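Data from work.txt: compact mmCIF, C-alpha atoms
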# COMPACT_ATOMS: atom_id res chain seq x y z
CA MET A 1 0.84 -11.95 -17.25
CA GLU A 2 -1.58 -9.62 -19.06
CA LYS A 3 -0.19 -6.47 -20.64
CA ILE A 4 -1.77 -3.16 -19.65
CA LEU A 5 -1.29 0.42 -20.74
CA LEU A 6 -1.11 2.96 -17.92
CA HIS A 7 -1.62 6.63 -18.73
CA CYS A 8 0.68 8.60 -16.40
CA CYS A 9 0.30 12.23 -15.39
CA CYS A 10 3.47 12.46 -13.28
CA ALA A 11 5.95 10.35 -11.30
CA PRO A 12 4.36 10.87 -7.86
CA CYS A 13 0.96 9.62 -9.03
CA THR A 14 2.56 6.82 -11.04
CA SER A 15 4.67 5.64 -8.09
CA TYR A 16 1.95 3.87 -6.14
CA VAL A 17 -0.15 2.86 -9.16
CA LEU A 18 2.80 1.17 -10.86
CA GLU A 19 3.83 -0.51 -7.60
CA PHE A 20 0.28 -1.84 -7.20
CA LEU A 21 -0.43 -2.89 -10.80
CA SER A 22 2.97 -4.41 -11.54
CA GLN A 23 2.23 -7.15 -9.00
CA ASP A 24 -0.33 -8.65 -11.41
CA TYR A 25 0.27 -7.04 -14.80
CA ASP A 26 2.97 -6.37 -17.36
CA CYS A 27 2.77 -2.57 -17.46
CA THR A 28 3.64 -0.09 -20.17
CA LEU A 29 3.56 3.58 -19.19
CA PHE A 30 2.17 6.26 -21.48
CA PHE A 31 3.03 9.89 -20.79
CA TYR A 32 0.64 12.12 -22.71
CA ASN A 33 -0.23 15.43 -21.05
CA PRO A 34 -0.89 18.32 -23.46
CA ASN A 35 -2.31 20.28 -20.51
CA ILE A 36 1.13 20.99 -19.04
CA SER A 37 1.71 24.73 -19.28
CA THR A 38 5.38 24.93 -20.28
CA LYS A 39 7.93 22.72 -21.99
CA ILE A 40 10.19 23.09 -18.93
CA GLU A 41 7.46 21.72 -16.64
CA TYR A 42 6.63 18.98 -19.16
CA ASP A 43 10.26 17.85 -19.38
CA LYS A 44 10.69 17.96 -15.61
CA ARG A 45 7.69 15.66 -15.09
CA LEU A 46 8.75 13.31 -17.87
CA ASP A 47 12.33 13.14 -16.58
CA GLU A 48 11.03 12.29 -13.10
CA LEU A 49 8.89 9.50 -14.54
CA PHE A 50 11.93 7.98 -16.28
CA ARG A 51 14.02 8.39 -13.12
CA TYR A 52 11.42 6.78 -10.85
CA ASN A 53 10.93 3.90 -13.28
CA LYS A 54 14.68 3.20 -13.22
CA ASP A 55 15.46 3.97 -9.57
CA ALA A 56 12.55 1.90 -8.26
CA GLY A 57 13.70 -1.02 -10.42
CA PHE A 58 10.61 -1.34 -12.61
CA ASN A 59 12.31 -0.60 -15.93
CA VAL A 60 9.02 -0.93 -17.80
CA PRO A 61 8.56 0.58 -21.26
CA ILE A 62 7.58 4.25 -21.39
CA ILE A 63 5.86 5.71 -24.43
CA GLU A 64 5.95 9.47 -24.75
CA PHE A 65 3.95 11.25 -27.43
CA GLY A 66 5.52 14.70 -27.24
CA TYR A 67 4.67 18.16 -26.02
CA GLU A 68 1.46 19.43 -27.68
CA GLU A 69 0.15 22.32 -25.59
CA ASN A 70 -1.77 23.88 -28.51
CA ILE A 71 -4.07 20.85 -28.62
CA PHE A 72 -5.06 21.51 -25.02
CA TYR A 73 -5.58 25.27 -25.47
CA ASN A 74 -7.69 24.73 -28.59
CA ALA A 75 -9.80 22.08 -26.86
CA VAL A 76 -10.57 24.16 -23.76
CA LYS A 77 -11.15 27.46 -25.57
CA GLY A 78 -14.15 29.11 -23.95
CA TYR A 79 -13.70 27.12 -20.72
CA GLU A 80 -10.70 28.98 -19.33
CA LYS A 81 -12.63 30.34 -16.33
CA GLU A 82 -14.18 27.01 -15.39
CA PRO A 83 -13.43 25.90 -11.82
CA GLU A 84 -11.25 22.91 -11.07
CA ARG A 85 -13.22 19.68 -11.59
CA GLY A 86 -15.44 21.49 -14.10
CA LYS A 87 -16.00 21.14 -17.83
CA ARG A 88 -12.40 22.16 -18.67
CA CYS A 89 -11.06 19.22 -16.65
CA GLU A 90 -13.51 16.85 -18.35
CA ILE A 91 -12.25 18.02 -21.74
CA CYS A 92 -8.66 17.58 -20.60
CA PHE A 93 -9.30 14.03 -19.35
CA ARG A 94 -10.97 13.19 -22.67
CA LEU A 95 -7.93 14.47 -24.60
CA ARG A 96 -5.52 12.35 -22.60
CA LEU A 97 -7.63 9.21 -22.42
CA SER A 98 -8.61 9.33 -26.10
CA LYS A 99 -4.92 9.36 -27.08
CA THR A 100 -4.33 6.46 -24.71
CA ALA A 101 -7.27 4.62 -26.27
CA GLU A 102 -5.65 5.01 -29.69
CA LEU A 103 -2.63 3.01 -28.50
CA PHE A 104 -4.66 0.37 -26.70
CA PRO A 105 -5.68 -1.90 -29.64
CA LYS A 106 -2.31 -1.64 -31.41
CA ASN A 107 -0.21 -3.43 -28.82
CA ASP A 108 -2.19 -6.40 -27.44
CA PHE A 109 -3.02 -4.68 -24.16
CA ALA A 110 -5.71 -6.31 -22.04
CA PHE A 111 -6.95 -2.89 -20.89
CA PHE A 112 -5.81 0.62 -20.10
CA THR A 113 -6.32 2.90 -17.13
CA THR A 114 -4.89 6.12 -15.69
CA THR A 115 -2.95 7.32 -12.68
CA LEU A 116 -5.20 10.40 -12.50
CA THR A 117 -7.53 8.65 -10.04
CA VAL A 118 -4.88 8.49 -7.29
CA SER A 119 -5.19 12.23 -6.69
CA PRO A 120 -7.69 13.48 -4.11
CA HIS A 121 -7.79 16.73 -6.12
CA LYS A 122 -9.43 15.02 -9.10
CA ASN A 123 -13.03 13.91 -9.49
CA VAL A 124 -12.75 10.13 -9.89
CA THR A 125 -16.34 9.80 -11.15
CA GLN A 126 -15.64 12.39 -13.83
CA ILE A 127 -12.44 10.59 -14.90
CA ASN A 128 -14.07 7.16 -15.02
CA THR A 129 -17.14 8.46 -16.84
CA VAL A 130 -14.90 9.92 -19.54
CA GLY A 131 -12.79 6.75 -19.60
CA ALA A 132 -15.88 4.58 -20.09
CA GLU A 133 -16.36 6.28 -23.47
CA PHE A 134 -13.38 4.32 -24.77
CA GLU A 135 -13.04 0.63 -25.53
CA GLY A 136 -10.58 -1.06 -23.23
CA TYR A 137 -10.75 1.43 -20.36
CA ARG A 138 -10.87 -0.04 -16.86
CA SER A 139 -12.30 2.18 -14.14
CA SER A 140 -10.20 2.71 -11.06
CA ASP A 141 -9.92 4.68 -7.86
CA PHE A 142 -6.29 4.30 -6.91
CA LYS A 143 -6.51 6.65 -3.94
CA LYS A 144 -8.50 3.99 -2.05
CA LYS A 145 -6.74 1.63 0.34
CA ASN A 146 -4.21 4.38 1.15
CA GLY A 147 -3.03 4.68 -2.46
CA TYR A 148 -2.57 8.43 -2.22
CA LYS A 149 -0.79 8.09 1.12
CA ARG A 150 1.54 5.48 -0.39
CA SER A 151 2.29 7.79 -3.34
CA ILE A 152 3.41 10.46 -0.86
CA GLU A 153 5.64 7.93 0.93
CA LEU A 154 7.20 6.81 -2.35
CA SER A 155 7.66 10.43 -3.45
CA LYS A 156 9.65 11.06 -0.27
CA GLN A 157 11.60 7.82 -0.56
CA TYR A 158 12.68 8.56 -4.14
CA ASN A 159 12.85 12.35 -3.68
CA LEU A 160 10.38 12.90 -6.52
CA TYR A 161 9.46 16.33 -7.78
CA ARG A 162 5.95 16.77 -6.41
CA GLN A 163 4.20 19.63 -8.16
CA ASN A 164 1.34 21.56 -6.56
CA PHE A 165 -0.86 21.94 -9.65
CA CYS A 166 -2.21 19.60 -12.33
CA GLY A 167 -0.05 21.15 -15.00
CA CYS A 168 -2.37 23.51 -16.79
CA VAL A 169 -1.90 27.23 -16.59
CA PHE A 170 -5.46 27.67 -15.30
CA SER A 171 -4.96 25.46 -12.26
CA GLN A 172 -1.60 27.11 -11.62
CA GLN A 173 -3.30 30.52 -11.56
CA ASN A 174 -5.65 29.22 -8.84
CA GLN A 175 -2.76 28.39 -6.46

Would you write the structure of this file as structure tokens?
Amino acid sequence: MEKILLHCCCAPCTSYVLEFLSQDYDCTLFFYNPNISTKIEYDKRLDELFRYNKDAGFNVPIIEFGYEENIFYNAVKGYEKEPERGKRCEICFRLRLSKTAELFPKNDFAFFTTTLTVSPHKNVTQINTVGAEFEGYRSSDFKKKNGYKRSIELSKQYNLYRQNFCGCVFSQQNQ
């Protein structure tokens, strides 16, 4: 079974994607999200990812890089007022996928992808265009074939914390 690296934004989005991919691949999860506005929110999302992984019986490896909010704020400086799905989001996707791409060649992964495409609130073309900049990235649209719907079902089944913003302070302000 080929090994893949899956960038994860949160447990609800990971739920369906891991269920789907683990049928054919040996998955390793990578939680790298410098966009998350507070350490409390970051820890809550990471804890839920660990809990889902265990409770759902996957028990796959999880790599966590650490909380680095200053990297995000420095990268999006000047783009704070951009709308959702705008240039700020593109920069954020590039941050997360570039860090994932750094891990890709070091661990014999066949490819890497991201759970970000399961969300109907994200621009899948924007995510995949950014991802295509990196060797080893495989485009996806995990919301297709009821992927998003299944993530909601799994979130309810496992009582997952389901946040109502992407994590960054700017999207939270738009709620």

Practice problem: Go ahead and compute the interatomic distance for CA of Arg94 in chain A and CA of Val76 in chain A, in Å to one decimal. | Solution: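 Taking CA of Arg94 in chain A as the start and CA of Val76 in chain A as the end point, the length is 11.0 Å.
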
Quiz prompt | Selected residue, from A:Leu21, A:Ala56, A:Ile127, A:Ile40, that lies nearest to Leu160 in chain A when counting all atoms listed in the file | solution =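 Looking at the shortest contact to Leu160 in chain A, the residue is A:Ala56.
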
Practice problem: Within 12 Å of Asp43 in chain A, counting all atoms listed in the file, which residues show up once you throw out same-chain ones fewer than 6 positions away? Write them as a ChimeraX atom specification, please. | Solution: /A:10-11,31-34,36-37,49-51,64,66-67,161,167

Quiz item: Skipping near chain neighbours, those fewer than 5 positions away, what residues fall within 6 Å of range 135-137 of chain A using all atoms listed in the file, listed as a PyMOL selection string?
Solution: chain A and resi 111-113

Practice problem: Take CA of Ile91 in chain A and CA of Asn123 in chain A and report the distance between them in Å, one decimal. | Solution: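 Between these atoms lies a distance of 12.9 Å.
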
Would you fill out range 118-129 of chain A with all heavy atoms and return it as a compact mmCIF listing (two decimals), keeping the file's coordinate frame?
# COMPACT_ATOMS: atom_id res chain seq x y z
N VAL A 118 -5.54 8.57 -8.60
CA VAL A 118 -4.88 8.49 -7.29
C VAL A 118 -4.96 9.83 -6.56
O VAL A 118 -4.85 9.87 -5.34
CB VAL A 118 -3.41 8.00 -7.42
CG1 VAL A 118 -2.48 9.11 -7.83
CG2 VAL A 118 -2.94 7.35 -6.13
N SER A 119 -5.19 10.90 -7.28
CA SER A 119 -5.19 12.23 -6.69
C SER A 119 -6.52 12.57 -6.01
O SER A 119 -7.58 12.45 -6.63
CB SER A 119 -4.92 13.29 -7.77
OG SER A 119 -5.09 14.58 -7.23
N PRO A 120 -6.47 13.05 -4.77
CA PRO A 120 -7.69 13.48 -4.11
C PRO A 120 -8.20 14.82 -4.68
O PRO A 120 -9.30 15.24 -4.37
CB PRO A 120 -7.29 13.63 -2.65
CG PRO A 120 -5.83 13.91 -2.69
CD PRO A 120 -5.30 13.17 -3.89
N HIS A 121 -7.41 15.45 -5.52
CA HIS A 121 -7.79 16.73 -6.12
C HIS A 121 -8.59 16.56 -7.40
O HIS A 121 -9.08 17.53 -7.96
CB HIS A 121 -6.54 17.57 -6.41
CG HIS A 121 -5.68 17.75 -5.20
ND1 HIS A 121 -6.06 18.51 -4.11
CD2 HIS A 121 -4.47 17.24 -4.90
CE1 HIS A 121 -5.11 18.46 -3.20
NE2 HIS A 121 -4.14 17.70 -3.64
N LYS A 122 -8.70 15.32 -7.88
CA LYS A 122 -9.43 15.02 -9.10
C LYS A 122 -10.74 14.33 -8.77
O LYS A 122 -10.84 13.59 -7.79
CB LYS A 122 -8.60 14.12 -10.03
CG LYS A 122 -7.27 14.69 -10.43
CD LYS A 122 -7.45 15.79 -11.45
CE LYS A 122 -6.14 16.37 -11.89
NZ LYS A 122 -5.99 17.77 -11.54
N ASN A 123 -11.72 14.53 -9.64
CA ASN A 123 -13.03 13.91 -9.49
C ASN A 123 -12.98 12.54 -10.16
O ASN A 123 -12.99 12.44 -11.38
CB ASN A 123 -14.09 14.81 -10.13
CG ASN A 123 -15.49 14.25 -10.03
OD1 ASN A 123 -15.70 13.05 -10.00
ND2 ASN A 123 -16.45 15.14 -9.98
N VAL A 124 -12.90 11.49 -9.35
CA VAL A 124 -12.75 10.13 -9.89
C VAL A 124 -13.95 9.72 -10.73
O VAL A 124 -13.79 9.04 -11.75
CB VAL A 124 -12.45 9.12 -8.76
CG1 VAL A 124 -13.66 8.88 -7.88
CG2 VAL A 124 -11.90 7.83 -9.32
N THR A 125 -15.15 10.14 -10.36
CA THR A 125 -16.34 9.80 -11.15
C THR A 125 -16.24 10.45 -12.52
O THR A 125 -16.55 9.81 -13.54
CB THR A 125 -17.62 10.26 -10.41
OG1 THR A 125 -17.66 9.61 -9.14
CG2 THR A 125 -18.86 9.93 -11.21
N GLN A 126 -15.80 11.69 -12.56
CA GLN A 126 -15.64 12.39 -13.83
C GLN A 126 -14.60 11.68 -14.72
O GLN A 126 -14.84 11.47 -15.91
CB GLN A 126 -15.20 13.84 -13.55
CG GLN A 126 -15.13 14.73 -14.76
CD GLN A 126 -14.66 16.13 -14.36
OE1 GLN A 126 -13.71 16.28 -13.60
NE2 GLN A 126 -15.34 17.14 -14.88
N ILE A 127 -13.48 11.28 -14.15
CA ILE A 127 -12.44 10.59 -14.90
C ILE A 127 -12.96 9.26 -15.43
O ILE A 127 -12.80 8.95 -16.62
CB ILE A 127 -11.19 10.36 -14.02
CG1 ILE A 127 -10.54 11.70 -13.65
CG2 ILE A 127 -10.18 9.46 -14.74
CD1 ILE A 127 -9.54 11.61 -12.51
N ASN A 128 -13.58 8.47 -14.59
CA ASN A 128 -14.07 7.16 -15.02
C ASN A 128 -15.23 7.25 -15.99
O ASN A 128 -15.38 6.38 -16.85
CB ASN A 128 -14.41 6.30 -13.80
CG ASN A 128 -13.17 5.80 -13.10
OD1 ASN A 128 -12.16 5.49 -13.74
ND2 ASN A 128 -13.22 5.71 -11.79
N THR A 129 -16.05 8.27 -15.88
CA THR A 129 -17.14 8.46 -16.84
C THR A 129 -16.56 8.76 -18.22
O THR A 129 -17.01 8.20 -19.23
CB THR A 129 -18.07 9.60 -16.39
OG1 THR A 129 -18.65 9.22 -15.13
CG2 THR A 129 -19.18 9.86 -17.39
